[in-house]
Every structure is written in C-alpha cells, then in structure tokens.
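Visitor: Next up, model.txt (compact mmCIF, N, CA and C atoms).
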# COMPACT_ATOMS: atom_id res chain seq x y z
N GLN A 1 87.01 121.02 121.41
CA GLN A 1 88.40 120.74 121.74
C GLN A 1 88.84 119.49 120.99
N LEU A 2 90.00 119.60 120.32
CA LEU A 2 90.54 118.47 119.57
C LEU A 2 91.34 117.60 120.52
N GLN A 3 90.99 116.32 120.58
CA GLN A 3 91.62 115.48 121.58
C GLN A 3 91.80 114.06 121.06
N LEU A 4 92.92 113.43 121.48
CA LEU A 4 93.17 112.02 121.23
C LEU A 4 93.41 111.35 122.57
N VAL A 5 92.80 110.19 122.77
CA VAL A 5 92.97 109.45 124.02
C VAL A 5 93.34 108.02 123.70
N GLU A 6 94.51 107.60 124.21
CA GLU A 6 94.98 106.23 124.00
C GLU A 6 94.49 105.33 125.12
N SER A 7 94.33 104.06 124.81
CA SER A 7 94.01 103.05 125.81
C SER A 7 94.51 101.71 125.30
N GLY A 8 94.55 100.72 126.22
CA GLY A 8 94.89 99.36 125.82
C GLY A 8 96.30 98.93 126.12
N GLY A 9 97.09 99.80 126.71
CA GLY A 9 98.45 99.41 127.04
C GLY A 9 98.50 98.47 128.23
N GLY A 10 99.71 98.07 128.61
CA GLY A 10 99.87 97.20 129.76
C GLY A 10 101.09 96.33 129.65
N LEU A 11 101.07 95.25 130.42
CA LEU A 11 102.18 94.31 130.50
C LEU A 11 101.85 93.06 129.70
N VAL A 12 102.79 92.62 128.90
CA VAL A 12 102.60 91.41 128.11
C VAL A 12 103.92 90.67 128.06
N GLN A 13 103.86 89.36 127.93
CA GLN A 13 105.08 88.56 127.81
C GLN A 13 105.65 88.66 126.41
N PRO A 14 106.95 88.43 126.25
CA PRO A 14 107.52 88.39 124.90
C PRO A 14 106.78 87.41 124.03
N GLY A 15 106.51 87.83 122.81
CA GLY A 15 105.74 87.01 121.89
C GLY A 15 104.24 87.22 121.98
N GLY A 16 103.81 87.97 122.97
CA GLY A 16 102.39 88.22 123.15
C GLY A 16 101.87 89.35 122.30
N SER A 17 100.60 89.70 122.53
CA SER A 17 99.92 90.71 121.72
C SER A 17 99.20 91.72 122.60
N LEU A 18 99.08 92.92 122.07
CA LEU A 18 98.27 93.98 122.67
C LEU A 18 97.62 94.76 121.54
N ARG A 19 96.46 95.35 121.83
CA ARG A 19 95.84 96.26 120.88
C ARG A 19 95.65 97.61 121.55
N LEU A 20 96.30 98.61 120.98
CA LEU A 20 96.14 99.98 121.45
C LEU A 20 95.01 100.66 120.68
N SER A 21 94.28 101.50 121.39
CA SER A 21 93.21 102.28 120.78
C SER A 21 93.52 103.76 120.89
N CYS A 22 93.10 104.51 119.89
CA CYS A 22 93.27 105.96 119.88
C CYS A 22 91.93 106.57 119.49
N ALA A 23 91.21 107.08 120.47
CA ALA A 23 89.89 107.65 120.23
C ALA A 23 89.99 109.15 120.03
N ALA A 24 89.41 109.62 118.93
CA ALA A 24 89.45 111.04 118.61
C ALA A 24 88.13 111.71 118.99
N SER A 25 88.24 112.93 119.47
CA SER A 25 87.04 113.73 119.73
C SER A 25 87.29 115.16 119.27
N GLY A 26 86.23 115.78 118.78
CA GLY A 26 86.34 117.16 118.31
C GLY A 26 86.74 117.29 116.86
N PHE A 27 87.05 116.17 116.21
CA PHE A 27 87.38 116.21 114.79
C PHE A 27 87.14 114.83 114.19
N THR A 28 87.10 114.79 112.87
CA THR A 28 86.86 113.55 112.13
C THR A 28 88.18 113.00 111.60
N LEU A 29 88.41 111.75 111.85
CA LEU A 29 89.69 111.15 111.47
C LEU A 29 89.94 111.18 109.97
N ASP A 30 88.88 111.18 109.18
CA ASP A 30 89.04 111.17 107.72
C ASP A 30 89.87 112.36 107.22
N ASP A 31 89.84 113.45 107.92
CA ASP A 31 90.52 114.66 107.46
C ASP A 31 91.98 114.74 107.90
N TYR A 32 92.47 113.69 108.55
CA TYR A 32 93.79 113.74 109.15
C TYR A 32 94.62 112.50 108.80
N ILE A 33 95.92 112.68 108.84
CA ILE A 33 96.84 111.55 108.92
C ILE A 33 96.95 111.19 110.40
N ILE A 34 96.78 109.92 110.71
CA ILE A 34 96.89 109.45 112.10
C ILE A 34 98.11 108.55 112.21
N ALA A 35 98.90 108.78 113.25
CA ALA A 35 100.14 108.02 113.41
C ALA A 35 100.29 107.55 114.85
N TRP A 36 101.11 106.51 114.98
CA TRP A 36 101.57 106.06 116.29
C TRP A 36 103.07 106.29 116.37
N PHE A 37 103.50 106.85 117.50
CA PHE A 37 104.90 107.02 117.82
C PHE A 37 105.16 106.31 119.15
N ARG A 38 106.41 106.09 119.45
CA ARG A 38 106.75 105.53 120.75
C ARG A 38 108.06 106.14 121.25
N GLN A 39 108.20 106.16 122.56
CA GLN A 39 109.40 106.72 123.16
C GLN A 39 109.79 105.88 124.36
N ALA A 40 110.96 105.29 124.28
CA ALA A 40 111.52 104.52 125.38
C ALA A 40 112.39 105.44 126.22
N PRO A 41 112.62 105.09 127.48
CA PRO A 41 113.45 105.93 128.36
C PRO A 41 114.82 106.20 127.76
N GLY A 42 115.21 107.46 127.73
CA GLY A 42 116.52 107.83 127.23
C GLY A 42 116.66 107.85 125.73
N LYS A 43 115.57 107.59 125.02
CA LYS A 43 115.62 107.57 123.56
C LYS A 43 114.70 108.63 122.97
N GLU A 44 114.95 108.96 121.72
CA GLU A 44 114.09 109.90 121.03
C GLU A 44 112.77 109.22 120.64
N ARG A 45 111.77 110.06 120.46
CA ARG A 45 110.47 109.55 120.00
C ARG A 45 110.62 109.07 118.56
N GLU A 46 110.14 107.88 118.29
CA GLU A 46 110.27 107.31 116.95
C GLU A 46 108.91 106.93 116.39
N GLY A 47 108.82 107.06 115.07
CA GLY A 47 107.58 106.72 114.40
C GLY A 47 107.40 105.22 114.28
N VAL A 48 106.18 104.76 114.45
CA VAL A 48 105.85 103.35 114.39
C VAL A 48 105.02 103.05 113.15
N SER A 49 103.94 103.80 112.98
CA SER A 49 103.02 103.52 111.88
C SER A 49 102.14 104.73 111.65
N CYS A 50 101.59 104.83 110.44
CA CYS A 50 100.63 105.89 110.16
C CYS A 50 99.64 105.41 109.11
N VAL A 51 98.53 106.13 109.04
CA VAL A 51 97.48 105.77 108.10
C VAL A 51 96.82 107.03 107.56
N SER A 52 96.57 107.00 106.26
CA SER A 52 95.74 108.00 105.63
C SER A 52 94.42 107.31 105.34
N LEU A 53 93.40 107.66 106.09
CA LEU A 53 92.15 106.92 106.00
C LEU A 53 91.46 107.16 104.65
N VAL A 54 91.53 108.38 104.16
CA VAL A 54 90.87 108.69 102.89
C VAL A 54 91.54 107.95 101.74
N ALA A 55 92.87 107.93 101.74
CA ALA A 55 93.62 107.28 100.66
C ALA A 55 93.76 105.79 100.86
N GLY A 56 93.46 105.30 102.04
CA GLY A 56 93.63 103.88 102.31
C GLY A 56 95.08 103.45 102.35
N LEU A 57 95.96 104.37 102.73
CA LEU A 57 97.39 104.08 102.77
C LEU A 57 97.85 103.85 104.19
N THR A 58 98.79 102.93 104.35
CA THR A 58 99.42 102.72 105.64
C THR A 58 100.93 102.67 105.44
N HIS A 59 101.63 102.93 106.52
CA HIS A 59 103.09 102.89 106.51
C HIS A 59 103.56 102.36 107.85
N TYR A 60 104.61 101.54 107.82
CA TYR A 60 105.15 100.97 109.04
C TYR A 60 106.67 101.16 109.08
N ALA A 61 107.18 101.40 110.27
CA ALA A 61 108.62 101.38 110.46
C ALA A 61 109.13 99.96 110.25
N ASP A 62 110.36 99.84 109.78
CA ASP A 62 110.91 98.51 109.52
C ASP A 62 110.90 97.63 110.76
N SER A 63 111.09 98.26 111.91
CA SER A 63 111.19 97.49 113.15
C SER A 63 109.88 96.81 113.55
N VAL A 64 108.76 97.26 112.99
CA VAL A 64 107.47 96.68 113.39
C VAL A 64 106.72 96.06 112.21
N LYS A 65 107.28 96.19 111.02
CA LYS A 65 106.61 95.67 109.83
C LYS A 65 106.35 94.17 109.98
N ASP A 66 105.20 93.75 109.56
CA ASP A 66 104.74 92.35 109.63
C ASP A 66 104.37 91.90 111.03
N ARG A 67 104.51 92.79 112.02
CA ARG A 67 104.09 92.44 113.38
C ARG A 67 102.95 93.35 113.86
N PHE A 68 102.97 94.60 113.44
CA PHE A 68 101.97 95.57 113.88
C PHE A 68 101.03 95.88 112.72
N THR A 69 99.77 96.16 113.06
CA THR A 69 98.77 96.54 112.04
C THR A 69 97.97 97.72 112.54
N ILE A 70 97.88 98.75 111.71
CA ILE A 70 97.08 99.92 112.04
C ILE A 70 95.74 99.80 111.32
N SER A 71 94.66 100.16 112.03
CA SER A 71 93.33 100.05 111.43
C SER A 71 92.41 101.06 112.10
N ARG A 72 91.16 101.13 111.63
CA ARG A 72 90.24 102.09 112.22
C ARG A 72 88.84 101.53 112.31
N ASP A 73 88.04 102.17 113.17
CA ASP A 73 86.61 101.89 113.28
C ASP A 73 85.90 103.22 113.08
N ASN A 74 85.26 103.35 111.91
CA ASN A 74 84.58 104.61 111.59
C ASN A 74 83.51 104.95 112.60
N THR A 75 82.78 103.95 113.06
CA THR A 75 81.65 104.22 113.94
C THR A 75 82.10 104.77 115.28
N LYS A 76 83.34 104.48 115.64
CA LYS A 76 83.84 104.93 116.94
C LYS A 76 84.87 106.06 116.81
N ASN A 77 85.15 106.48 115.57
CA ASN A 77 86.15 107.53 115.34
C ASN A 77 87.45 107.18 116.06
N THR A 78 87.86 105.92 115.89
CA THR A 78 88.99 105.37 116.64
C THR A 78 89.95 104.67 115.69
N VAL A 79 91.23 104.83 115.96
CA VAL A 79 92.29 104.11 115.25
C VAL A 79 92.93 103.12 116.21
N TYR A 80 93.29 101.96 115.69
CA TYR A 80 93.88 100.91 116.51
C TYR A 80 95.28 100.58 116.04
N LEU A 81 96.09 100.07 116.96
CA LEU A 81 97.38 99.51 116.61
C LEU A 81 97.44 98.12 117.23
N GLN A 82 97.29 97.10 116.37
CA GLN A 82 97.39 95.72 116.82
C GLN A 82 98.87 95.35 116.81
N MET A 83 99.37 94.95 117.96
CA MET A 83 100.78 94.63 118.11
C MET A 83 100.92 93.16 118.45
N ASN A 84 101.50 92.40 117.53
CA ASN A 84 101.72 90.97 117.72
C ASN A 84 103.21 90.67 117.83
N SER A 85 103.51 89.50 118.33
CA SER A 85 104.91 89.05 118.45
C SER A 85 105.78 90.11 119.11
N LEU A 86 105.31 90.63 120.23
CA LEU A 86 106.03 91.72 120.90
C LEU A 86 107.40 91.26 121.37
N LYS A 87 108.36 92.14 121.22
CA LYS A 87 109.75 91.84 121.51
C LYS A 87 110.24 92.69 122.68
N PRO A 88 111.36 92.31 123.27
CA PRO A 88 111.92 93.09 124.39
C PRO A 88 112.27 94.53 123.99
N GLU A 89 112.47 94.79 122.70
CA GLU A 89 112.79 96.16 122.27
C GLU A 89 111.57 97.03 122.00
N ASP A 90 110.36 96.46 122.15
CA ASP A 90 109.13 97.22 121.90
C ASP A 90 108.62 98.06 123.07
N PRO A 91 109.01 97.80 124.30
CA PRO A 91 108.47 98.58 125.41
C PRO A 91 108.75 100.07 125.27
N ALA A 92 107.74 100.87 125.53
CA ALA A 92 107.86 102.32 125.41
C ALA A 92 106.53 102.93 125.82
N VAL A 93 106.51 104.24 125.90
CA VAL A 93 105.24 104.96 125.94
C VAL A 93 104.82 105.18 124.49
N TYR A 94 103.63 104.74 124.17
CA TYR A 94 103.11 104.86 122.82
C TYR A 94 102.13 106.03 122.75
N TYR A 95 102.31 106.84 121.72
CA TYR A 95 101.48 108.03 121.51
C TYR A 95 100.78 107.94 120.16
N CYS A 96 99.53 108.36 120.11
CA CYS A 96 98.93 108.58 118.81
C CYS A 96 98.92 110.08 118.53
N ALA A 97 98.95 110.41 117.26
CA ALA A 97 99.07 111.81 116.85
C ALA A 97 98.31 112.01 115.55
N ALA A 98 97.90 113.25 115.32
CA ALA A 98 97.14 113.59 114.13
C ALA A 98 97.76 114.78 113.41
N ASP A 99 97.78 114.68 112.10
CA ASP A 99 98.31 115.74 111.24
C ASP A 99 97.19 116.17 110.29
N GLY A 100 96.75 117.38 110.38
CA GLY A 100 95.70 117.87 109.51
C GLY A 100 95.07 119.13 110.06
N PRO A 101 93.94 119.59 109.52
CA PRO A 101 93.21 118.98 108.42
C PRO A 101 93.69 119.39 107.03
N PHE A 102 94.58 120.40 106.95
CA PHE A 102 95.00 120.86 105.62
C PHE A 102 96.34 120.24 105.28
N THR A 103 96.34 118.93 105.15
CA THR A 103 97.57 118.21 104.87
C THR A 103 97.37 117.31 103.67
N ASP A 104 98.46 116.89 103.07
CA ASP A 104 98.39 116.00 101.93
C ASP A 104 98.03 114.60 102.41
N LEU A 105 96.80 114.17 102.11
CA LEU A 105 96.32 112.89 102.59
C LEU A 105 96.72 111.73 101.68
N SER A 106 97.48 112.02 100.62
CA SER A 106 97.86 110.96 99.68
C SER A 106 99.09 110.18 100.14
N MET A 107 99.66 110.60 101.27
CA MET A 107 100.82 109.89 101.79
C MET A 107 100.90 110.12 103.29
N CYS A 108 101.61 109.23 103.98
CA CYS A 108 101.87 109.47 105.39
C CYS A 108 103.29 109.00 105.71
N VAL A 109 103.92 109.72 106.58
CA VAL A 109 105.27 109.39 107.01
C VAL A 109 105.37 109.55 108.52
N VAL A 110 106.31 108.83 109.10
CA VAL A 110 106.54 108.97 110.54
C VAL A 110 108.00 109.25 110.83
N SER A 111 108.69 109.80 109.82
CA SER A 111 110.11 110.10 110.00
C SER A 111 110.33 111.32 110.87
N SER A 112 109.27 112.11 111.06
CA SER A 112 109.37 113.32 111.87
C SER A 112 108.06 113.55 112.60
N THR A 113 108.17 114.16 113.78
CA THR A 113 106.97 114.50 114.54
C THR A 113 106.45 115.90 114.21
N LEU A 114 107.20 116.66 113.40
CA LEU A 114 106.93 118.09 113.23
C LEU A 114 105.55 118.40 112.68
N SER A 115 105.05 117.56 111.78
CA SER A 115 103.77 117.88 111.15
C SER A 115 102.58 117.46 112.00
N TYR A 116 102.82 116.75 113.07
CA TYR A 116 101.72 116.25 113.91
C TYR A 116 101.48 117.24 115.04
N ASP A 117 100.28 117.81 115.07
CA ASP A 117 100.03 118.86 116.05
C ASP A 117 98.94 118.53 117.07
N ILE A 118 98.37 117.34 116.98
CA ILE A 118 97.45 116.88 118.02
C ILE A 118 98.03 115.58 118.55
N TRP A 119 98.21 115.51 119.87
CA TRP A 119 98.85 114.36 120.50
C TRP A 119 98.01 113.84 121.64
N GLY A 120 98.03 112.52 121.80
CA GLY A 120 97.44 111.93 122.98
C GLY A 120 98.42 112.03 124.14
N GLN A 121 97.95 111.55 125.29
CA GLN A 121 98.75 111.66 126.51
C GLN A 121 99.80 110.56 126.61
N GLY A 122 99.68 109.54 125.80
CA GLY A 122 100.62 108.42 125.82
C GLY A 122 100.14 107.31 126.73
N ILE A 123 100.58 106.09 126.39
CA ILE A 123 100.21 104.93 127.20
C ILE A 123 101.39 103.96 127.23
N GLN A 124 101.62 103.37 128.38
CA GLN A 124 102.78 102.51 128.59
C GLN A 124 102.53 101.10 128.05
N VAL A 125 103.52 100.60 127.33
CA VAL A 125 103.55 99.20 126.92
C VAL A 125 104.81 98.58 127.50
N THR A 126 104.64 97.50 128.23
CA THR A 126 105.76 96.81 128.87
C THR A 126 105.79 95.37 128.38
N VAL A 127 106.96 94.91 127.98
CA VAL A 127 107.14 93.52 127.54
C VAL A 127 108.14 92.87 128.47
N SER A 128 107.67 91.89 129.21
CA SER A 128 108.53 91.26 130.19
C SER A 128 107.99 89.88 130.55
N SER A 129 108.92 88.96 130.82
CA SER A 129 108.50 87.64 131.26
C SER A 129 108.47 87.57 132.78
Before we go any further, please render this structure as structure tokens.
Guide:
Amino acid sequence: QLQLVESGGGLVQPGGSLRLSCAASGFTLDDYIIAWFRQAPGKEREGVSCVSLVAGLTHYADSVKDRFTISRDNTKNTVYLQMNSLKPEDPAVYYCAADGPFTDLSMCVVSSTLSYDIWGQGIQVTVSS
C-alpha cells in the first residue's frame, strides 16, 4: 500500500519555527516528485514547495521562499519541510503529496494538484501568540 504520513505540526508563535515530516511507505521517494500543499479554512489548496530528489531540484511558492526549506532523509524515506519565520498567514492544514512513478523528474511544480495521486492525511499548523 502506497502511503504518506505527515507529522510535526502544532501551535507556534509568530516568528517561530516548525519542521513537518512526510514519511513514505510502499514506495521509494526517488521515483516521485514530492510536494507540500496547504489549505486554510475557506480557501483553495495551494502549493507550497516540491522536490525532485533524483534531479536535486526544489521549487517554492513566492509566499514561503526564503522561509521554508524542503529536504529529505534517504535512510528514513522521509521528506521534511522546515518552516521558519512563521507568519499569521501560514496557518493551514499541510499535506504532502507524491507524483509518480512515471513522471518527468527533471522539474516539479505546485501550481496544480492534478498530477499528485498519493496524499497524506494532512496536519494542522497554527500560528498564534
């Protein structure tokens, strides 16, 4: 069974940091584009970041560039999203998603959710003082 499980969410003060984890089981991350999306109440799901592990490429939405970093741990088959300088507009349910295995690994985009067919259950991130 192909599965993604997020962890690491919670409550943080503005300006604080959190690290989200996305653990994959049933498949190898190298064969997939891995992305983070988020959805706030009443809003559409939006792309945050993605990574092509084979190509060593990353992409970030403008709203999180220079604050968030996507990375991986091969030994744990896990992708991380380090979120620094969290702002009041960052709270949402954060989802990790995978696109593959027969996908173009030379690029990744988060402008659409359509190509991502494996999704985690989502995890809440709250930013509040």
Visitor: Using Å and a single decimal, report how far atom CA of A:Asp104 sits from atom CA of A:Tyr116.
Guide: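 Here the two named atoms are 12.4 Å from each other.
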Visitor: I need the residue nearest A:Tyr32 from this list: A:Ala97, A:Leu18, A:Val110, A:Leu86. Use only C-alpha atoms for the distance.
Guide: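 Between A:Ala97, A:Leu18, A:Val110, A:Leu86, the residue approaching A:Tyr32 most closely is A:Ala97.
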Visitor: Restricting the calculation to only N, CA and C atoms: of A:Lys43, A:Gln121, A:Asp31, A:Glu89, which residue gets closest to A:Pro101?
Guide: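 Of A:Lys43, A:Gln121, A:Asp31, A:Glu89, the one nearest A:Pro101, counting only N, CA and C atoms, is A:Asp31.
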Visitor: Could you tell me how far atom C of A:Gly8 sits from atom C of A:Thr75, in Å to one decimal place?
Guide: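 Computing it gives 18.8 Å between the two atoms.
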Visitor: Of the candidates A:Gly9, A:Glu46, A:Pro88, A:Leu2, which shows the shortest atom-to-atom distance to A:Ser112, using all atoms listed in the file?
Guide: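 Smallest distance to A:Ser112 is found for A:Glu46.
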Visitor: Between A:Thr126, A:Asn84, A:Ser71, A:Ser115, single out the one closest to A:Leu57, counting only C-alpha atoms.
Guide: A:Ser71
Visitor: Can you tell me how far atom CA of A:Gly26 sits from atom N of A:Ala40, in Å to one decimal?
Guide: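 Taking atom CA of A:Gly26 as the start and atom N of A:Ala40 as the end point, the length is 28.0 Å.
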Visitor: Excluding A:Glu6 and its own-chain neighbours fewer than 2 positions away, which residues fall within 9 Å of it when counting only C-alpha atoms? Please give them as a PyMOL selection string.
Guide: chain A and resi 4+8-9+20-23+94-96+120-123
Visitor: Write to file, as a compact mmCIF listing (two decimals), keeping the file's coordinate frame, the residues of the selection just made, with N, CA and C atoms.
Guide:
# COMPACT_ATOMS: atom_id res chain seq x y z
N LEU A 4 92.92 113.43 121.48
CA LEU A 4 93.17 112.02 121.23
C LEU A 4 93.41 111.35 122.57
N GLY A 8 94.55 100.72 126.22
CA GLY A 8 94.89 99.36 125.82
C GLY A 8 96.30 98.93 126.12
N GLY A 9 97.09 99.80 126.71
CA GLY A 9 98.45 99.41 127.04
C GLY A 9 98.50 98.47 128.23
N LEU A 20 96.30 98.61 120.98
CA LEU A 20 96.14 99.98 121.45
C LEU A 20 95.01 100.66 120.68
N SER A 21 94.28 101.50 121.39
CA SER A 21 93.21 102.28 120.78
C SER A 21 93.52 103.76 120.89
N CYS A 22 93.10 104.51 119.89
CA CYS A 22 93.27 105.96 119.88
C CYS A 22 91.93 106.57 119.49
N ALA A 23 91.21 107.08 120.47
CA ALA A 23 89.89 107.65 120.23
C ALA A 23 89.99 109.15 120.03
N TYR A 94 103.63 104.74 124.17
CA TYR A 94 103.11 104.86 122.82
C TYR A 94 102.13 106.03 122.75
N TYR A 95 102.31 106.84 121.72
CA TYR A 95 101.48 108.03 121.51
C TYR A 95 100.78 107.94 120.16
N CYS A 96 99.53 108.36 120.11
CA CYS A 96 98.93 108.58 118.81
C CYS A 96 98.92 110.08 118.53
N GLY A 120 98.03 112.52 121.80
CA GLY A 120 97.44 111.93 122.98
C GLY A 120 98.42 112.03 124.14
N GLN A 121 97.95 111.55 125.29
CA GLN A 121 98.75 111.66 126.51
C GLN A 121 99.80 110.56 126.61
N GLY A 122 99.68 109.54 125.80
CA GLY A 122 100.62 108.42 125.82
C GLY A 122 100.14 107.31 126.73
N ILE A 123 100.58 106.09 126.39
CA ILE A 123 100.21 104.93 127.20
C ILE A 123 101.39 103.96 127.23
Visitor: Taking only C-alpha atoms into account, which of A:Val12, A:Leu105, A:Val93, A:Ala35 comes nearest A:Arg72?
Guide: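 Ranking A:Val12, A:Leu105, A:Val93, A:Ala35 by distance to A:Arg72, first place goes to A:Ala35.
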Visitor: Counting all atoms listed in the file, which residue out of A:Ile34, A:Lys87, A:Thr113, A:Asn74 sits closest to A:Ser128?
Guide: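 Once distances to A:Ser128 are computed over all atoms listed in the file, the minimum belongs to A:Lys87.
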Visitor: So that I can see what lies close to A:Ser85, please list as an MDAnalysis selection string the residues with an atom at most 5 Å from it, counting only N, CA and C atoms and leaving out residues fewer than 2 positions away in the same chain.
Guide: chainID A and resid 15:16 83 87
Visitor: May I have the residues from that selection written out with N, CA and C atoms, as a short mmCIF file (atom, residue, chain, number, x, y, z; two decimals), keeping the file's coordinate frame?
Guide:
data_model
loop_
_atom_site.label_atom_id
_atom_site.label_comp_id
_atom_site.auth_asym_id
_atom_site.auth_seq_id
_atom_site.Cartn_x
_atom_site.Cartn_y
_atom_site.Cartn_z
N GLY A 15 106.51 87.83 122.81
CA GLY A 15 105.74 87.01 121.89
C GLY A 15 104.24 87.22 121.98
N GLY A 16 103.81 87.97 122.97
CA GLY A 16 102.39 88.22 123.15
C GLY A 16 101.87 89.35 122.30
N MET A 83 99.37 94.95 117.96
CA MET A 83 100.78 94.63 118.11
C MET A 83 100.92 93.16 118.45
N LYS A 87 108.36 92.14 121.22
CA LYS A 87 109.75 91.84 121.51
C LYS A 87 110.24 92.69 122.68
#
Visitor: When DSSP works through the backbone of this structure, what residues of chain A end up as strand (DSSP E), shown as a ChimeraX atom specification?
Guide: /A:3-7,10-12,18-25,33-39,46-52,57-60,68-73,78-83,92-99,118-119,123-127
